[in-house]
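S.K.: Got a structure for you, questions after.
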Amino acid sequence: MNIWLIFVLGGLLTFAMRFSFIYAFGRFSVPPALHRALRFVPPAVLSAIVFPAVLMPDDRLELGFGNHRLLAAAVAVIVAFWTRKTLPTIIAGIIALLIIQAVS
Amino acid sequence: MSEKLAMLRAGIRAEAPILVGVFPFGLIYGALARNAGLAAFPAQMMSSIVFAGSSQFVAAKLIAEAAPGAVIVLTIAVVNLRHLLYSASVAEYVRDLPLRWKILLSYLLTDEAYAATIVHYETAGVERESHWFFLGAGLALWTTWQASSALGIFAGAAIPSTWRLDFALPLTFIAMVVPTLLDFPVAAAALTAGVVALLAYGLPYKLGLIAAALVGIGMGTFLEKRA
């Protein structure tokens, strides 16, 4: 598929979701079941991206200390938990990865 | 007129602290999109056509991996599902606006614009020119996103690969997810989706992400219902 078609379809679907209830207000409301389920979209989607990126650095599972990304991600998790801020988390994780790679 | 302008300015001011975090995110998007093999113009246009940060990251990655177009479109949709919630949440506040305003504000309804605007609506209620606040917050975010993407696209080629910028994406998502994990069903949804993503990594057409997200959402919903 042409990338422009991907952008237009992806953009239209995204717009449709943003527009949906704004447009339809009063005609129907959010079903409670949908409302409950949507709460889990961000943690599920984000974890589905994070786990393979961290645990499968070369497209296969690597759970030991030899996996530098896993160690750096552990540092990032701790920083994220304490600061609850994005930028310090990214910086800490990148610096941790660079240090671990330099010393190993 | 001055009342509209005052609202527009208030919206921009409310959005300003959030923009500090958005700017580096846009930079990283631009650099990653270029590294993923997207040309400068399409990479920039994705920021205005799709205009949803995390889905743009994922799309750039899938394009680099030559995933089928239909899967990329579907993945963008799943990553952006949460916008349904925002739409439902602001709907009552914008119900009396003309259609052209509803269309414009819907286009601008990102995570960050929503965060600033909903606080305003919930504290100040709906005033005559409230939609200008929404517009101010939305446009401030839009402008920042376009500018930071452009800068990242421009600078991306100059960033050495030893800087490990691709690792910035999982790190960003870690920063977004970790603070929410104290809630048990949320943590279970995240863990389930993560494990399924590992198991489903080899699925054809890069369908693993969608499968993992749906199973995770199902797990969270199931556990919450039981609690």
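Naming scheme: A, B, ... for chains in displayed order of the structure tokens; residues 1 onward per chain; ligands 1 onward as shown.
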Return as a list in words the full set of residues in segment 12-45 of chain A whose backbone-based DSSP assignment is alpha helix (DSSP H).
M.R.: Leu12, Leu13, Thr14, Phe15, Ala16, Met17, Arg18, Phe19, Ser20, Phe21, Ile22, Tyr23, Ala24, Pro32, Ala33, Leu34, His35, Arg36, Ala37, Leu38, Val41, Pro42, Pro43, Ala44 and Val45 of chain A
S.K.: So that I have them on file, write out the residues from the current selection with N, CA and C atoms, as a CSV table (one decimal), in the first residue's frame.
M.R.:
chain,number,residue,atom,x,y,z
A,12,LEU,N,-7.8,9.5,8.8
A,12,LEU,CA,-9.3,9.5,8.7
A,12,LEU,C,-9.8,8.7,9.9
A,13,LEU,N,-9.3,7.6,10.2
A,13,LEU,CA,-9.8,6.7,11.3
A,13,LEU,C,-9.5,7.5,12.6
A,14,THR,N,-8.3,8.1,12.7
A,14,THR,CA,-8.0,8.8,14.0
A,14,THR,C,-9.0,10.0,14.1
A,15,PHE,N,-9.2,10.7,13.0
A,15,PHE,CA,-10.2,11.8,13.1
A,15,PHE,C,-11.6,11.3,13.4
A,16,ALA,N,-11.9,10.2,12.8
A,16,ALA,CA,-13.3,9.7,13.1
A,16,ALA,C,-13.5,9.4,14.6
A,17,MET,N,-12.5,8.8,15.2
A,17,MET,CA,-12.6,8.5,16.6
A,17,MET,C,-12.7,9.8,17.5
A,18,ARG,N,-11.9,10.8,17.1
A,18,ARG,CA,-11.9,12.1,17.8
A,18,ARG,C,-13.3,12.8,17.6
A,19,PHE,N,-13.8,12.6,16.4
A,19,PHE,CA,-15.1,13.3,16.1
A,19,PHE,C,-16.3,12.6,16.6
A,20,SER,N,-16.2,11.3,16.8
A,20,SER,CA,-17.3,10.4,17.0
A,20,SER,C,-18.4,10.9,18.0
A,21,PHE,N,-18.0,11.1,19.2
A,21,PHE,CA,-19.0,11.4,20.3
A,21,PHE,C,-19.3,12.9,20.3
A,22,ILE,N,-18.3,13.7,19.8
A,22,ILE,CA,-18.5,15.2,19.7
A,22,ILE,C,-19.7,15.4,18.6
A,23,TYR,N,-19.6,14.6,17.5
A,23,TYR,CA,-20.6,14.7,16.5
A,23,TYR,C,-22.0,14.2,17.0
A,24,ALA,N,-21.9,13.0,17.7
A,24,ALA,CA,-23.1,12.3,18.0
A,24,ALA,C,-23.7,12.6,19.3
A,32,PRO,N,-21.4,1.7,28.7
A,32,PRO,CA,-20.5,1.6,29.9
A,32,PRO,C,-19.4,0.6,29.7
A,33,ALA,N,-19.7,-0.5,29.0
A,33,ALA,CA,-18.7,-1.6,28.7
A,33,ALA,C,-17.5,-1.0,27.9
A,34,LEU,N,-17.9,-0.2,26.9
A,34,LEU,CA,-16.8,0.4,26.1
A,34,LEU,C,-16.0,1.3,26.9
A,35,HIS,N,-16.7,2.1,27.7
A,35,HIS,CA,-16.0,3.1,28.6
A,35,HIS,C,-15.0,2.4,29.5
A,36,ARG,N,-15.4,1.3,30.0
A,36,ARG,CA,-14.5,0.5,30.9
A,36,ARG,C,-13.3,0.0,30.1
A,37,ALA,N,-13.6,-0.6,29.0
A,37,ALA,CA,-12.5,-1.2,28.2
A,37,ALA,C,-11.5,-0.2,27.7
A,38,LEU,N,-11.9,1.0,27.4
A,38,LEU,CA,-11.0,2.0,26.8
A,38,LEU,C,-9.9,2.4,27.8
A,41,VAL,N,-6.7,0.7,27.2
A,41,VAL,CA,-6.0,0.8,25.9
A,41,VAL,C,-4.6,1.3,26.0
A,42,PRO,N,-4.4,2.5,26.7
A,42,PRO,CA,-3.0,2.9,26.8
A,42,PRO,C,-2.0,2.0,27.4
A,43,PRO,N,-2.3,1.4,28.6
A,43,PRO,CA,-1.3,0.5,29.2
A,43,PRO,C,-1.1,-0.8,28.3
A,44,ALA,N,-2.1,-1.3,27.7
A,44,ALA,CA,-2.0,-2.5,26.9
A,44,ALA,C,-1.1,-2.2,25.6
A,45,VAL,N,-1.5,-1.1,24.9
A,45,VAL,CA,-0.8,-0.8,23.7
A,45,VAL,C,0.7,-0.5,23.9
S.K.: Which residues, written as a count of residues only, have at least one atom at most 8 Å from Ala92 of chain A, with only C-alpha atoms counted and residues fewer than 5 positions away on the same chain left out?
M.R.: 3
S.K.: Between atom CA of His68 of chain A and atom CA of Asp166 of chain B, what distance in Å does the model show, to one decimal?
M.R.: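 According to the coordinates, atom CA of His68 of chain A and atom CA of Asp166 of chain B are separated by 14.0 Å.
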S.K.: For Thr192 of chain B, which residue among B:Thr180, B:Thr221, B:Ser87, B:Thr117 is the nearest when counting only C-alpha atoms?
M.R.: B:Thr221
S.K.: Given the choices B:Leu182, B:Ile103, B:Leu207, B:Ala64, which gets closest to chain A if the distance is worked out from only C-alpha atoms?
M.R.: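 For chain A, the nearest of the candidates is B:Ile103.
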S.K.: Mind checking which residues fall within 6 Å of segment 7-11 of chain B, counting only C-alpha atoms, ignoring those fewer than 6 positions away in the same chain, and posting them as a PyMOL selection string?
M.R.: chain B and resi 132-133+136-137
S.K.: Could you tell me how far atom CA of Gly30 of chain B sits from atom CA of Gly69 of chain B, in Å to one decimal place?
M.R.: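 Atom-to-atom, atom CA of Gly69 of chain B and atom CA of Gly30 of chain B are spaced 20.6 Å apart.
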S.K.: Here is a test: counting only C-alpha atoms, which residue of A:Gly66, A:Pro31, A:Pro52, A:Pro88 is nearest to Ser104 of chain A?
M.R.: A:Gly66
S.K.: Measure the distance from atom CA of Ile174 of chain B to atom CA of Leu84 of chain B in Å and round it to one decimal.
M.R.: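 Answer for the atom CA of Ile174 of chain B to atom CA of Leu84 of chain B separation: 22.9 Å.
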S.K.: For chain A, which of B:Gly152, B:Pro179, B:Gly26, B:Pro160 is the closest residue, counting only C-alpha atoms?
M.R.: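 Once distances to chain A are computed over only C-alpha atoms, the minimum belongs to B:Pro179.
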S.K.: What's the 12 Å shell around Ala72 of chain A, counting only C-alpha atoms, without same-chain residues fewer than 3 positions away, as a PDB file with N, CA and C atoms, in the first residue's frame?
M.R.:
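Contents of result_23.pdb, freshly written:
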ATOM      1  N   ALA A  53      10.585  -4.568  22.454  1.00  0.00           N
ATOM      2  CA  ALA A  53      11.697  -3.639  22.206  1.00  0.00           C
ATOM      3  C   ALA A  53      12.797  -3.819  23.245  1.00  0.00           C
ATOM      4  N   VAL A  54      12.407  -4.176  24.467  1.00  0.00           N
ATOM      5  CA  VAL A  54      13.386  -4.300  25.546  1.00  0.00           C
ATOM      6  C   VAL A  54      13.893  -5.731  25.689  1.00  0.00           C
ATOM      7  N   LEU A  55      12.987  -6.711  25.566  1.00  0.00           N
ATOM      8  CA  LEU A  55      13.351  -8.095  25.870  1.00  0.00           C
ATOM      9  C   LEU A  55      13.806  -8.901  24.656  1.00  0.00           C
ATOM     10  N   PHE A  65      21.660 -10.878  32.098  1.00  0.00           N
ATOM     11  CA  PHE A  65      22.400  -9.629  32.246  1.00  0.00           C
ATOM     12  C   PHE A  65      23.100  -9.224  30.951  1.00  0.00           C
ATOM     13  N   GLY A  66      23.200 -10.168  30.039  1.00  0.00           N
ATOM     14  CA  GLY A  66      23.806  -9.837  28.761  1.00  0.00           C
ATOM     15  C   GLY A  66      22.953  -8.891  27.927  1.00  0.00           C
ATOM     16  N   ASN A  67      21.682  -8.752  28.311  1.00  0.00           N
ATOM     17  CA  ASN A  67      20.776  -7.852  27.582  1.00  0.00           C
ATOM     18  C   ASN A  67      20.885  -6.433  28.147  1.00  0.00           C
ATOM     19  N   HIS A  68      21.667  -5.609  27.466  1.00  0.00           N
ATOM     20  CA  HIS A  68      21.909  -4.248  27.962  1.00  0.00           C
ATOM     21  C   HIS A  68      20.637  -3.408  28.017  1.00  0.00           C
ATOM     22  N   ARG A  69      19.757  -3.634  27.049  1.00  0.00           N
ATOM     23  CA  ARG A  69      18.525  -2.842  27.008  1.00  0.00           C
ATOM     24  C   ARG A  69      17.631  -3.137  28.206  1.00  0.00           C
ATOM     25  N   VAL A  75      16.519   0.674  34.905  1.00  0.00           N
ATOM     26  CA  VAL A  75      16.852   1.999  35.439  1.00  0.00           C
ATOM     27  C   VAL A  75      15.725   2.988  35.102  1.00  0.00           C
ATOM     28  N   ALA A  76      15.266   2.946  33.847  1.00  0.00           N
ATOM     29  CA  ALA A  76      14.210   3.866  33.404  1.00  0.00           C
ATOM     30  C   ALA A  76      12.919   3.647  34.192  1.00  0.00           C
ATOM     31  N   VAL A  77      12.585   2.379  34.473  1.00  0.00           N
ATOM     32  CA  VAL A  77      11.367   2.083  35.232  1.00  0.00           C
ATOM     33  C   VAL A  77      11.434   2.733  36.614  1.00  0.00           C
ATOM     34  N   ILE A  78      12.596   2.616  37.251  1.00  0.00           N
ATOM     35  CA  ILE A  78      12.759   3.208  38.588  1.00  0.00           C
ATOM     36  C   ILE A  78      12.628   4.738  38.519  1.00  0.00           C
ATOM     37  N   VAL A  79      13.288   5.337  37.529  1.00  0.00           N
ATOM     38  CA  VAL A  79      13.210   6.801  37.384  1.00  0.00           C
ATOM     39  C   VAL A  79      11.772   7.231  37.070  1.00  0.00           C
ATOM     40  N   THR A  89      13.116  10.310  32.442  1.00  0.00           N
ATOM     41  CA  THR A  89      13.118   8.866  32.203  1.00  0.00           C
ATOM     42  C   THR A  89      13.904   8.520  30.942  1.00  0.00           C
ATOM     43  N   ILE A  90      13.643   9.263  29.874  1.00  0.00           N
ATOM     44  CA  ILE A  90      14.346   9.002  28.610  1.00  0.00           C
ATOM     45  C   ILE A  90      15.845   9.226  28.787  1.00  0.00           C
ATOM     46  N   ILE A  91      16.188  10.352  29.406  1.00  0.00           N
ATOM     47  CA  ILE A  91      17.608  10.690  29.569  1.00  0.00           C
ATOM     48  C   ILE A  91      18.311   9.634  30.424  1.00  0.00           C
ATOM     49  N   ALA A  92      17.679   9.246  31.547  1.00  0.00           N
ATOM     50  CA  ALA A  92      18.279   8.244  32.434  1.00  0.00           C
ATOM     51  C   ALA A  92      18.475   6.918  31.691  1.00  0.00           C
ATOM     52  N   GLY A  93      17.468   6.507  30.911  1.00  0.00           N
ATOM     53  CA  GLY A  93      17.548   5.234  30.196  1.00  0.00           C
ATOM     54  C   GLY A  93      18.645   5.229  29.136  1.00  0.00           C
ATOM     55  N   ILE A  94      18.725   6.319  28.383  1.00  0.00           N
ATOM     56  CA  ILE A  94      19.751   6.417  27.331  1.00  0.00           C
ATOM     57  C   ILE A  94      21.152   6.433  27.955  1.00  0.00           C
ATOM     58  N   ILE A  95      21.320   7.251  29.000  1.00  0.00           N
ATOM     59  CA  ILE A  95      22.636   7.329  29.652  1.00  0.00           C
ATOM     60  C   ILE A  95      23.006   5.970  30.245  1.00  0.00           C
ATOM     61  N   ALA A  96      22.032   5.310  30.885  1.00  0.00           N
ATOM     62  CA  ALA A  96      22.297   3.988  31.459  1.00  0.00           C
ATOM     63  C   ALA A  96      22.749   3.019  30.367  1.00  0.00           C
ATOM     64  N   LEU A  97      22.068   3.039  29.211  1.00  0.00           N
ATOM     65  CA  LEU A  97      22.433   2.129  28.118  1.00  0.00           C
ATOM     66  C   LEU A  97      23.851   2.421  27.624  1.00  0.00           C
ATOM     67  N   LEU A  98      24.168   3.703  27.471  1.00  0.00           N
ATOM     68  CA  LEU A  98      25.506   4.063  26.983  1.00  0.00           C
ATOM     69  C   LEU A  98      26.578   3.629  27.969  1.00  0.00           C
ATOM     70  N   ILE A  99      26.308   3.829  29.283  1.00  0.00           N
ATOM     71  CA  ILE A  99      27.295   3.436  30.299  1.00  0.00           C
ATOM     72  C   ILE A  99      27.479   1.919  30.302  1.00  0.00           C
ATOM     73  N   ILE A 100      26.350   1.180  30.301  1.00  0.00           N
ATOM     74  CA  ILE A 100      26.426  -0.281  30.343  1.00  0.00           C
ATOM     75  C   ILE A 100      27.190  -0.824  29.135  1.00  0.00           C
ATOM     76  N   GLN A 101      26.925  -0.231  27.974  1.00  0.00           N
ATOM     77  CA  GLN A 101      27.636  -0.696  26.773  1.00  0.00           C
ATOM     78  C   GLN A 101      29.115  -0.362  26.840  1.00  0.00           C
TER      79      GLN A 101
ATOM     80  N   ARG B 164      21.787   5.718  20.191  1.00  0.00           N
ATOM     81  CA  ARG B 164      20.689   4.817  20.567  1.00  0.00           C
ATOM     82  C   ARG B 164      19.339   5.520  20.652  1.00  0.00           C
ATOM     83  N   PHE B 167      16.045   3.648  21.068  1.00  0.00           N
ATOM     84  CA  PHE B 167      15.671   3.194  22.411  1.00  0.00           C
ATOM     85  C   PHE B 167      14.807   4.235  23.125  1.00  0.00           C
ATOM     86  N   ALA B 168      14.792   5.457  22.618  1.00  0.00           N
ATOM     87  CA  ALA B 168      13.998   6.517  23.243  1.00  0.00           C
ATOM     88  C   ALA B 168      12.498   6.195  23.196  1.00  0.00           C
ATOM     89  N   PRO B 170      10.769   3.041  23.437  1.00  0.00           N
ATOM     90  CA  PRO B 170      10.324   2.279  24.612  1.00  0.00           C
ATOM     91  C   PRO B 170      10.487   3.059  25.915  1.00  0.00           C
ATOM     92  N   LEU B 171      11.517   3.881  26.001  1.00  0.00           N
ATOM     93  CA  LEU B 171      11.718   4.664  27.235  1.00  0.00           C
ATOM     94  C   LEU B 171      10.565   5.655  27.444  1.00  0.00           C
ATOM     95  N   ILE B 174       7.659   3.699  28.636  1.00  0.00           N
ATOM     96  CA  ILE B 174       7.858   3.299  30.029  1.00  0.00           C
ATOM     97  C   ILE B 174       7.460   4.457  30.936  1.00  0.00           C
TER      98      ILE B 174
END
S.K.: Given only C-alpha atoms as the basis, pick out the residue of B:Val22, B:Ala40, B:Leu32, B:Leu135 nearest to Lys4 of chain B.
M.R.: B:Leu135
